[in-house]
Amino acid sequence: LGTETFVGSSGRVFPDVMKASPLLRAWLKRLEAQGATLRTRHRWIGFADGGYVFETPEGRSIVHCDAALLALGGASWPRLGSDASWLPWLSEKGVEIDAFQPANCGFVVGWSESFRERFAGEPVKSVTATSGAGTFPGEFVISANGIEGSLVYAHGASLRDQLLNRGSAALTLDLAPGRTIERLTRDLTRQDAKSSFSNRLRKGASLDGVKAALLREFAPERDRADPGRLAGMIKALPVPVLETRPIGEAISSAGGIRWSGIDDDFMLKALPGTFVAGEMLDWEAPTGGYLLTACLATGRAAARGIEAWLRG
Ligand SMILES: Cc1cc2nc3c(=O)[nH]c(=O)nc-3n(C[C@H](O)[C@H](O)[C@H](O)COP(=O)(O)OP(=O)(O)OC[C@H]3O[C@@H](n4cnc5c(N)ncnc54)[C@H](O)[C@@H]3O)c2cc1C
């Protein structure tokens with residue numbers, strides 16, 4: 001697309017200008033040059049008379065085509081247009097679809113009123129978090145209702161599935177990843193047992209602010225007085241999550257059209273000639289470009305499928 005790029009330290013490719021709009025303009029130009037016609041403000045509203053019915057500024061129209069590629073997105077952020085309204089229309093045609101679930105989403109935590117008032121919006125930096133997905137370093141943000149941000153999203157699928165299967169889940173935090181439990185125990189033991197919890201944490205573990213407050217929220221009272229047990233809590237503090245935040249707030253969605261419902265060319269088995277790509281399909285990926293990459297890759301694969309289909 002004529003855009004200079006560079007490879008970032010993460011190995012990902014970025015446009016030099018760090019903006020998407022020049023790429024989009026170049027892409028639209030290329031499509032037009034290849035003979036594509038873009039019809040904006042057309043909303044697909046279902047099937048009729050063997051065609052696709054659209055609501056357009058000029059009224060309803062039915063499009064009959066040799067092949068169609070549906071790339072209508074998942075169910076997150078519906079205000080941007082991807083509202084999964086297509087789900088019943090494809091279901092009725094026999095397409096197997098799994099219910100959409102929030103992915104890369106925040107979680108509800110039952111904060112105390114004082115914690116919520118004081119720390120909503122506060123980032124929690126330089127921690128590691130563990131769930132069934134593994135242990136990752138990173139940061140997240142305290143919200144009025146719970147937790148969100150990249151480190152939470154990385155554990156999102158595991159926490160969500162645990163909530164579904166077991167009814168409860170927790171994200172386990174290491175609030176002092178640079179220190180061993182032995183060293184923390186030693187340093188906390190040196191503190192005057194009569195000094196306040198905050199002072200012992202600050203002097204013995206260099207913890208204050210939101211990290212100290214998280215311990216106050218979730219470390220049982222009996223563990224706070226004992227240096228060994230307190231060190232254990234600092235290294236593995238379970239933060240219970242109660243439910244996912246609503247799908248309308250999630251960055252992406254899991255669920256969608258089952259892989260068993262499409263062939264190797266991304267054509268719907270129940271609707272020959274109709275291909276699907278992107279988040280409509282049942283997969284999920286972390287943020288950081290992986291979602292867009294998978295959408296573009298499945299779009300390309302489906303387009304190749306259409307070429308093969310049209311060749312007969
Ligand atoms: C806030 C936010 C941040 C994100 N950040 C990242 C990121 O950093 N990296 C990353 O990889 N991904 C990110 N994503 C995810 C990424 O944007 C999506 O995975 C991707 O856009 C999905 O592409 P898609 O083509 O499947 O669907 P969409 O991009 O959702 O496109 C579907 C289109 O179909 C249209 N449509 C739906 N129904 C109809 C209908 N009936 N008739 C006509 N048109 C219809 C919609 O209006 C929409 O324009 C982010 C998402 C959000 C919400």
# chains A, B, ... in the order shown; residues from 1 in each chain; ligands from 1
$ residues_around --residues "region 285-301 of chain A" --least-positions-apart "6" --cutoff "7 Å" --atoms "only C-alpha atoms" --output "list in words"
Asn104, Ala154, Asp265, Ala277, Gly278 and Glu279 of chain A
$ residues_around --residues "region 232-236 of chain A" --least-positions-apart "2" --cutoff "7 Å" --atoms "only C-alpha atoms" --output "mmCIF file with N, CA, C and O atoms, in the first residue's frame"
data_model
loop_
_atom_site.group_PDB
_atom_site.id
_atom_site.type_symbol
_atom_site.label_atom_id
_atom_site.label_comp_id
_atom_site.auth_asym_id
_atom_site.auth_seq_id
_atom_site.Cartn_x
_atom_site.Cartn_y
_atom_site.Cartn_z
ATOM 1 N N THR A 172 -4.641 -14.499 40.673
ATOM 2 C CA THR A 172 -3.683 -14.493 41.781
ATOM 3 C C THR A 172 -2.532 -13.557 41.449
ATOM 4 O O THR A 172 -1.859 -13.721 40.429
ATOM 5 N N LEU A 173 -2.323 -12.566 42.318
ATOM 6 C CA LEU A 173 -1.320 -11.531 42.038
ATOM 7 C C LEU A 173 -0.056 -11.752 42.849
ATOM 8 O O LEU A 173 -0.121 -12.087 44.041
ATOM 9 N N ASP A 174 1.076 -11.541 42.206
ATOM 10 C CA ASP A 174 2.355 -11.409 42.917
ATOM 11 C C ASP A 174 2.653 -9.912 42.933
ATOM 12 O O ASP A 174 2.966 -9.322 41.899
ATOM 13 N N LEU A 175 2.523 -9.304 44.112
ATOM 14 C CA LEU A 175 2.658 -7.843 44.206
ATOM 15 C C LEU A 175 4.118 -7.405 44.287
ATOM 16 O O LEU A 175 4.411 -6.212 44.187
ATOM 17 N N ALA A 176 5.013 -8.359 44.484
ATOM 18 C CA ALA A 176 6.448 -8.016 44.582
ATOM 19 C C ALA A 176 7.258 -9.031 43.792
ATOM 20 O O ALA A 176 7.993 -9.836 44.359
ATOM 21 N N ILE A 181 9.958 -15.014 48.429
ATOM 22 C CA ILE A 181 9.144 -15.111 49.642
ATOM 23 C C ILE A 181 10.045 -15.141 50.881
ATOM 24 O O ILE A 181 9.721 -14.571 51.920
ATOM 25 N N ALA A 219 -6.284 -9.988 51.936
ATOM 26 C CA ALA A 219 -5.499 -10.857 52.827
ATOM 27 C C ALA A 219 -6.274 -11.018 54.133
ATOM 28 O O ALA A 219 -6.620 -10.026 54.763
ATOM 29 N N GLY A 228 5.603 -14.568 57.800
ATOM 30 C CA GLY A 228 5.674 -15.621 56.785
ATOM 31 C C GLY A 228 4.386 -15.693 55.972
ATOM 32 O O GLY A 228 4.412 -15.781 54.735
ATOM 33 N N ARG A 229 3.266 -15.639 56.676
ATOM 34 C CA ARG A 229 1.967 -15.724 55.971
ATOM 35 C C ARG A 229 1.711 -14.467 55.150
ATOM 36 O O ARG A 229 1.164 -14.529 54.041
ATOM 37 N N LEU A 230 2.124 -13.322 55.700
ATOM 38 C CA LEU A 230 1.946 -12.072 54.951
ATOM 39 C C LEU A 230 2.797 -12.095 53.672
ATOM 40 O O LEU A 230 2.325 -11.717 52.586
ATOM 41 N N PRO A 238 -4.977 -13.885 46.092
ATOM 42 C CA PRO A 238 -6.103 -14.166 45.191
ATOM 43 C C PRO A 238 -7.121 -13.011 45.183
ATOM 44 O O PRO A 238 -7.600 -12.616 46.235
#
$ closest_residue --among "A:Glu182, A:Glu96, A:Glu55, A:Asp226" --to "ligand 1" --atoms "only C-alpha atoms and all ligand atoms"
A:Glu55
$ closest_residue --among "A:Ser253, A:Ser206, A:Ser61, A:Thr180" --to "ligand 1" --atoms "only C-alpha atoms and all ligand atoms"
A:Ser253
$ residues_around --residues "Pro246 (chain A)" --least-positions-apart "4" --cutoff "12 Å" --atoms "only C-alpha atoms" --output "list in words"
Ala75, Ser76, Trp77, Pro78, Phe100, Gln101, Pro102, Ala103, Asn104, Cys105, Gly106, Phe107, Val108, Asn145, Arg160, Ala250, Ile251, Ser252 and Ser253 of chain A
$ write_last_selection --atoms "N, CA and C atoms" --output "CSV table (one decimal), in the first residue's frame"
chain,number,residue,atom,x,y,z
A,75,ALA,N,-19.9,-9.7,18.6
A,75,ALA,CA,-21.0,-9.0,19.4
A,75,ALA,C,-20.5,-8.0,20.4
A,76,SER,N,-19.2,-7.7,20.3
A,76,SER,CA,-18.7,-6.7,21.3
A,76,SER,C,-18.8,-5.3,20.7
A,77,TRP,N,-18.9,-4.3,21.5
A,77,TRP,CA,-19.0,-2.9,21.1
A,77,TRP,C,-20.1,-2.7,20.0
A,78,PRO,N,-21.3,-3.1,20.3
A,78,PRO,CA,-22.4,-3.1,19.2
A,78,PRO,C,-22.6,-1.7,18.7
A,100,PHE,N,-22.3,-16.0,21.8
A,100,PHE,CA,-21.2,-15.1,22.0
A,100,PHE,C,-20.9,-14.8,23.5
A,101,GLN,N,-19.6,-14.8,23.8
A,101,GLN,CA,-19.2,-14.5,25.2
A,101,GLN,C,-18.2,-13.3,25.1
A,102,PRO,N,-18.1,-12.5,26.2
A,102,PRO,CA,-17.1,-11.5,26.1
A,102,PRO,C,-15.7,-12.1,26.1
A,103,ALA,N,-14.8,-11.5,25.3
A,103,ALA,CA,-13.4,-11.8,25.4
A,103,ALA,C,-12.6,-10.6,25.5
A,104,ASN,N,-11.4,-10.6,26.0
A,104,ASN,CA,-10.6,-9.4,26.3
A,104,ASN,C,-11.4,-8.4,27.0
A,105,CYS,N,-11.9,-8.8,28.1
A,105,CYS,CA,-12.9,-8.0,28.8
A,105,CYS,C,-12.5,-7.8,30.3
A,106,GLY,N,-13.1,-6.8,30.9
A,106,GLY,CA,-12.9,-6.6,32.3
A,106,GLY,C,-13.7,-7.6,33.2
A,107,PHE,N,-13.4,-7.6,34.5
A,107,PHE,CA,-14.2,-8.5,35.4
A,107,PHE,C,-14.7,-7.7,36.6
A,108,VAL,N,-15.8,-8.1,37.1
A,108,VAL,CA,-16.4,-7.5,38.3
A,108,VAL,C,-15.7,-8.0,39.5
A,145,ASN,N,-16.0,-0.9,39.1
A,145,ASN,CA,-16.6,-2.2,39.3
A,145,ASN,C,-15.7,-3.4,39.4
A,160,ARG,N,-13.0,-16.4,32.6
A,160,ARG,CA,-14.4,-16.5,32.1
A,160,ARG,C,-14.8,-18.0,32.1
A,250,ALA,N,-16.7,-5.3,26.0
A,250,ALA,CA,-15.5,-6.1,25.7
A,250,ALA,C,-14.9,-5.7,24.4
A,251,ILE,N,-13.6,-6.0,24.3
A,251,ILE,CA,-12.8,-5.6,23.1
A,251,ILE,C,-13.2,-6.6,22.0
A,252,SER,N,-13.4,-7.8,22.3
A,252,SER,CA,-13.8,-8.8,21.3
A,252,SER,C,-14.7,-9.8,21.9
A,253,SER,N,-15.1,-10.8,21.0
A,253,SER,CA,-16.0,-11.8,21.6
A,253,SER,C,-15.5,-13.2,21.2
$ residues_around --residues "Leu215 (chain A)" --least-positions-apart "2" --cutoff "10 Å" --atoms "only C-alpha atoms" --output "JSON, numbers by chain"
{"A": [175, 201, 207, 208, 210, 211, 212, 213, 217, 218, 219, 220, 221, 224, 230, 233, 234, 237, 238, 239]}
$ closest_residue --among "A:Arg41, A:Arg311, A:Lys29, A:Arg245" --to "ligand 1" --atoms "only C-alpha atoms and all ligand atoms"
A:Arg41
$ atom_distance --atom1 "CA of Pro240 (chain A)" --atom2 "CA of Leu164 (chain A)"
14.2 Å
$ select_by_dssp --residues "region 33-164 of chain A" --states "alpha helix (DSSP H)" --output "list in words"
Ala33, Leu87, Pro88, Trp89, Leu90, Ser91, Glu92, Glu113, Ser114, Phe115, Arg116, Glu117, Arg118, Phe119, Ser150, Leu151, Val152, Tyr153, Ala154, His155, Gly156, Ala157, Ser158, Leu159, Arg160, Asp161, Gln162, Leu163 and Leu164 of chain A
$ residues_around --residues "Phe140 (chain A)" --least-positions-apart "2" --cutoff "9 Å" --atoms "only C-alpha atoms" --output "CSV table (one decimal) with N, CA and C atoms, in the first residue's frame"
chain,number,residue,atom,x,y,z
A,122,GLU,N,-7.0,3.8,39.2
A,122,GLU,CA,-5.6,3.7,39.6
A,122,GLU,C,-5.0,2.5,38.8
A,123,PRO,N,-3.8,2.7,38.2
A,123,PRO,CA,-3.1,1.5,37.6
A,123,PRO,C,-2.4,0.7,38.7
A,124,VAL,N,-2.3,-0.6,38.4
A,124,VAL,CA,-1.5,-1.5,39.3
A,124,VAL,C,-0.3,-2.0,38.4
A,125,LYS,N,0.9,-1.5,38.7
A,125,LYS,CA,2.0,-1.7,37.8
A,125,LYS,C,3.0,-2.7,38.3
A,127,VAL,N,3.4,-6.1,38.3
A,127,VAL,CA,3.0,-7.2,39.1
A,127,VAL,C,3.0,-8.4,38.1
A,138,GLY,N,2.9,-7.8,34.0
A,138,GLY,CA,2.2,-6.7,33.3
A,138,GLY,C,1.5,-5.7,34.2
A,142,ILE,N,-7.6,-0.6,38.1
A,142,ILE,CA,-8.7,-0.8,39.0
A,142,ILE,C,-9.9,0.1,38.5
A,147,ILE,N,-11.8,-4.9,37.6
A,147,ILE,CA,-10.4,-4.8,37.0
A,147,ILE,C,-10.5,-4.9,35.5
A,148,GLU,N,-9.6,-4.2,34.9
A,148,GLU,CA,-9.5,-4.2,33.4
A,148,GLU,C,-8.1,-3.9,33.0
A,149,GLY,N,-7.8,-4.0,31.7
A,149,GLY,CA,-6.5,-3.7,31.2
A,149,GLY,C,-5.8,-5.0,30.7
A,150,SER,N,-4.6,-4.7,30.1
A,150,SER,CA,-3.9,-5.8,29.3
A,150,SER,C,-3.7,-7.1,30.1
A,151,LEU,N,-3.2,-6.9,31.3
A,151,LEU,CA,-2.9,-8.1,32.1
A,151,LEU,C,-4.2,-8.9,32.4
A,152,VAL,N,-5.3,-8.2,32.6
A,152,VAL,CA,-6.6,-8.9,32.9
A,152,VAL,C,-7.1,-9.6,31.6
A,153,TYR,N,-6.9,-8.9,30.5
A,153,TYR,CA,-7.4,-9.5,29.2
A,153,TYR,C,-6.6,-10.8,28.9
$ atom_distance --atom1 "CA of Arg183 (chain A)" --atom2 "CA of Pro227 (chain A)"
10.7 Å
$ atom_distance --atom1 "CA of Gly167 (chain A)" --atom2 "CA of Thr244 (chain A)"
11.8 Å
$ select_by_dssp --residues "region 42-289 of chain A" --states "strand (DSSP E)" --output "ChimeraX atom specification"
/A:43-48,51-56,59-63,68-70,97-103,107-108,123-131,134-142,146-148,169-174,237-241,243-244,252-257,274-276
$ write_last_selection --atoms "C-alpha atoms" --output "PDB file, in the first residue's frame"
ATOM      1  CA  ARG A  43     -27.654  -2.576   6.192  1.00  0.00           C
ATOM      2  CA  TRP A  44     -28.200  -6.261   5.524  1.00  0.00           C
ATOM      3  CA  ILE A  45     -31.494  -7.275   7.181  1.00  0.00           C
ATOM      4  CA  GLY A  46     -31.860 -10.927   6.210  1.00  0.00           C
ATOM      5  CA  PHE A  47     -32.737 -13.222   3.313  1.00  0.00           C
ATOM      6  CA  ALA A  48     -35.715 -13.073   0.927  1.00  0.00           C
ATOM      7  CA  GLY A  51     -31.196 -13.024  -2.145  1.00  0.00           C
ATOM      8  CA  TYR A  52     -29.755 -10.718   0.470  1.00  0.00           C
ATOM      9  CA  VAL A  53     -32.107  -7.933   1.579  1.00  0.00           C
ATOM     10  CA  PHE A  54     -30.544  -4.531   2.306  1.00  0.00           C
ATOM     11  CA  GLU A  55     -31.948  -1.387   3.837  1.00  0.00           C
ATOM     12  CA  THR A  56     -30.447   1.498   1.894  1.00  0.00           C
ATOM     13  CA  GLY A  59     -35.166   1.957   0.296  1.00  0.00           C
ATOM     14  CA  ARG A  60     -35.023  -1.812   0.339  1.00  0.00           C
ATOM     15  CA  SER A  61     -33.103  -3.764  -2.261  1.00  0.00           C
ATOM     16  CA  ILE A  62     -32.480  -7.448  -2.794  1.00  0.00           C
ATOM     17  CA  VAL A  63     -29.079  -8.543  -4.051  1.00  0.00           C
ATOM     18  CA  ALA A  68     -21.100 -13.559  -0.827  1.00  0.00           C
ATOM     19  CA  LEU A  69     -18.590 -12.953   1.920  1.00  0.00           C
ATOM     20  CA  LEU A  70     -20.118 -11.998   5.256  1.00  0.00           C
ATOM     21  CA  ILE A  97     -23.541 -20.923  16.081  1.00  0.00           C
ATOM     22  CA  ASP A  98     -22.223 -20.890  19.660  1.00  0.00           C
ATOM     23  CA  ALA A  99     -23.501 -18.078  21.885  1.00  0.00           C
ATOM     24  CA  PHE A 100     -21.175 -15.074  21.973  1.00  0.00           C
ATOM     25  CA  GLN A 101     -19.177 -14.495  25.170  1.00  0.00           C
ATOM     26  CA  PRO A 102     -17.101 -11.474  26.121  1.00  0.00           C
ATOM     27  CA  ALA A 103     -13.375 -11.848  25.365  1.00  0.00           C
ATOM     28  CA  PHE A 107     -14.174  -8.496  35.406  1.00  0.00           C
ATOM     29  CA  VAL A 108     -16.386  -7.466  38.285  1.00  0.00           C
ATOM     30  CA  PRO A 123      -3.122   1.501  37.610  1.00  0.00           C
ATOM     31  CA  VAL A 124      -1.483  -1.494  39.294  1.00  0.00           C
ATOM     32  CA  LYS A 125       1.983  -1.705  37.751  1.00  0.00           C
ATOM     33  CA  SER A 126       4.843  -4.205  37.782  1.00  0.00           C
ATOM     34  CA  VAL A 127       2.973  -7.239  39.053  1.00  0.00           C
ATOM     35  CA  THR A 128       2.595 -10.754  37.755  1.00  0.00           C
ATOM     36  CA  ALA A 129      -0.783 -12.457  37.591  1.00  0.00           C
ATOM     37  CA  THR A 130      -1.597 -16.158  37.516  1.00  0.00           C
ATOM     38  CA  SER A 131      -4.708 -18.029  36.376  1.00  0.00           C
ATOM     39  CA  GLY A 134      -0.353 -19.300  33.192  1.00  0.00           C
ATOM     40  CA  THR A 135       1.715 -16.561  34.849  1.00  0.00           C
ATOM     41  CA  PHE A 136       2.329 -13.274  33.038  1.00  0.00           C
ATOM     42  CA  PRO A 137       3.931  -9.983  34.084  1.00  0.00           C
ATOM     43  CA  GLY A 138       2.190  -6.708  33.264  1.00  0.00           C
ATOM     44  CA  GLU A 139      -0.203  -4.127  34.570  1.00  0.00           C
ATOM     45  CA  PHE A 140      -3.922  -3.522  34.902  1.00  0.00           C
ATOM     46  CA  VAL A 141      -6.326  -0.858  36.086  1.00  0.00           C
ATOM     47  CA  ILE A 142      -8.720  -0.758  39.027  1.00  0.00           C
ATOM     48  CA  GLY A 146     -13.592  -4.368  39.076  1.00  0.00           C
ATOM     49  CA  ILE A 147     -10.421  -4.812  37.040  1.00  0.00           C
ATOM     50  CA  GLU A 148      -9.546  -4.235  33.391  1.00  0.00           C
ATOM     51  CA  ALA A 169     -12.565 -17.731  39.834  1.00  0.00           C
ATOM     52  CA  ALA A 170      -9.690 -15.625  41.116  1.00  0.00           C
ATOM     53  CA  LEU A 171      -6.721 -13.846  39.594  1.00  0.00           C
ATOM     54  CA  THR A 172      -3.683 -14.493  41.781  1.00  0.00           C
ATOM     55  CA  LEU A 173      -1.320 -11.531  42.038  1.00  0.00           C
ATOM     56  CA  ASP A 174       2.355 -11.409  42.917  1.00  0.00           C
ATOM     57  CA  LEU A 237      -2.854 -12.742  46.608  1.00  0.00           C
ATOM     58  CA  PRO A 238      -6.103 -14.166  45.191  1.00  0.00           C
ATOM     59  CA  VAL A 239      -8.398 -11.449  43.839  1.00  0.00           C
ATOM     60  CA  PRO A 240     -11.824 -13.101  43.446  1.00  0.00           C
ATOM     61  CA  VAL A 241     -13.662 -12.105  40.263  1.00  0.00           C
ATOM     62  CA  GLU A 243     -18.445 -12.115  36.677  1.00  0.00           C
ATOM     63  CA  THR A 244     -17.301 -10.735  33.334  1.00  0.00           C
ATOM     64  CA  SER A 252     -13.763  -8.800  21.277  1.00  0.00           C
ATOM     65  CA  SER A 253     -16.019 -11.808  21.556  1.00  0.00           C
ATOM     66  CA  ALA A 254     -15.623 -15.568  21.760  1.00  0.00           C
ATOM     67  CA  GLY A 255     -18.231 -17.873  20.254  1.00  0.00           C
ATOM     68  CA  GLY A 256     -19.864 -17.458  16.861  1.00  0.00           C
ATOM     69  CA  ILE A 257     -20.131 -19.671  13.800  1.00  0.00           C
ATOM     70  CA  THR A 274     -21.903 -17.787   1.306  1.00  0.00           C
ATOM     71  CA  PHE A 275     -18.490 -17.357   2.918  1.00  0.00           C
ATOM     72  CA  VAL A 276     -17.652 -15.947   6.361  1.00  0.00           C
TER      73      VAL A 276
END
$ closest_residue --among "A:Ser21, A:Thr5, A:Glu58, A:Val13" --to "Arg39 (chain A)" --atoms "only C-alpha atoms"
A:Glu58
$ decode --residues "region 139-149 of chain A" --atoms "all heavy atoms" --output "CSV table (one decimal), in the first residue's frame"
chain,number,residue,atom,x,y,z
A,139,GLU,N,0.5,-5.1,33.7
A,139,GLU,CA,-0.2,-4.1,34.6
A,139,GLU,C,-1.7,-4.1,34.2
A,139,GLU,O,-2.1,-4.6,33.1
A,139,GLU,CB,0.4,-2.7,34.4
A,139,GLU,CG,0.3,-2.1,33.1
A,139,GLU,CD,1.0,-0.8,33.0
A,139,GLU,OE1,2.3,-0.7,33.1
A,139,GLU,OE2,0.3,0.2,32.9
A,140,PHE,N,-2.5,-3.6,35.2
A,140,PHE,CA,-3.9,-3.5,34.9
A,140,PHE,C,-4.4,-2.3,35.6
A,140,PHE,O,-3.7,-1.6,36.3
A,140,PHE,CB,-4.6,-4.8,35.3
A,140,PHE,CG,-4.6,-5.1,36.8
A,140,PHE,CD1,-5.6,-4.8,37.6
A,140,PHE,CD2,-3.5,-5.8,37.3
A,140,PHE,CE1,-5.6,-5.1,39.0
A,140,PHE,CE2,-3.4,-6.1,38.7
A,140,PHE,CZ,-4.5,-5.7,39.5
A,141,VAL,N,-5.7,-2.1,35.5
A,141,VAL,CA,-6.3,-0.9,36.1
A,141,VAL,C,-7.5,-1.3,37.0
A,141,VAL,O,-8.2,-2.2,36.7
A,141,VAL,CB,-6.9,0.1,35.0
A,141,VAL,CG1,-7.5,1.3,35.6
A,141,VAL,CG2,-5.7,0.5,34.0
A,142,ILE,N,-7.6,-0.6,38.1
A,142,ILE,CA,-8.7,-0.8,39.0
A,142,ILE,C,-9.9,0.1,38.5
A,142,ILE,O,-9.6,1.3,38.2
A,142,ILE,CB,-8.4,-0.2,40.5
A,142,ILE,CG1,-7.1,-0.9,41.0
A,142,ILE,CG2,-9.6,-0.4,41.4
A,142,ILE,CD1,-7.3,-2.3,41.3
A,143,SER,N,-11.0,-0.5,38.2
A,143,SER,CA,-12.2,0.3,37.8
A,143,SER,C,-13.2,0.4,39.0
A,143,SER,O,-13.0,-0.3,40.0
A,143,SER,CB,-12.8,-0.3,36.6
A,143,SER,OG,-13.4,-1.6,36.9
A,144,ALA,N,-14.2,1.2,38.8
A,144,ALA,CA,-15.2,1.3,39.9
A,144,ALA,C,-15.8,0.0,40.2
A,144,ALA,O,-16.2,-0.3,41.3
A,144,ALA,CB,-16.3,2.3,39.4
A,145,ASN,N,-16.0,-0.9,39.1
A,145,ASN,CA,-16.6,-2.2,39.3
A,145,ASN,C,-15.7,-3.4,39.4
A,145,ASN,O,-16.2,-4.5,39.7
A,145,ASN,CB,-17.6,-2.5,38.2
A,145,ASN,CG,-18.5,-1.3,37.9
A,145,ASN,OD1,-19.3,-1.0,38.9
A,145,ASN,ND2,-18.5,-0.7,36.8
A,146,GLY,N,-14.4,-3.2,39.1
A,146,GLY,CA,-13.6,-4.4,39.1
A,146,GLY,C,-12.2,-4.1,38.5
A,146,GLY,O,-11.6,-3.1,38.9
A,147,ILE,N,-11.8,-4.9,37.6
A,147,ILE,CA,-10.4,-4.8,37.0
A,147,ILE,C,-10.5,-4.9,35.5
A,147,ILE,O,-11.4,-5.6,35.0
A,147,ILE,CB,-9.5,-5.9,37.6
A,147,ILE,CG1,-10.1,-7.3,37.5
A,147,ILE,CG2,-9.1,-5.6,39.0
A,147,ILE,CD1,-9.2,-8.4,37.9
A,148,GLU,N,-9.6,-4.2,34.9
A,148,GLU,CA,-9.5,-4.2,33.4
A,148,GLU,C,-8.1,-3.9,33.0
A,148,GLU,O,-7.3,-3.6,33.8
A,148,GLU,CB,-10.5,-3.2,32.8
A,148,GLU,CG,-10.3,-1.8,33.2
A,148,GLU,CD,-11.4,-0.9,32.7
A,148,GLU,OE1,-12.6,-1.3,32.7
A,148,GLU,OE2,-11.1,0.3,32.4
A,149,GLY,N,-7.8,-4.0,31.7
A,149,GLY,CA,-6.5,-3.7,31.2
A,149,GLY,C,-5.8,-5.0,30.7
A,149,GLY,O,-6.2,-6.1,30.8
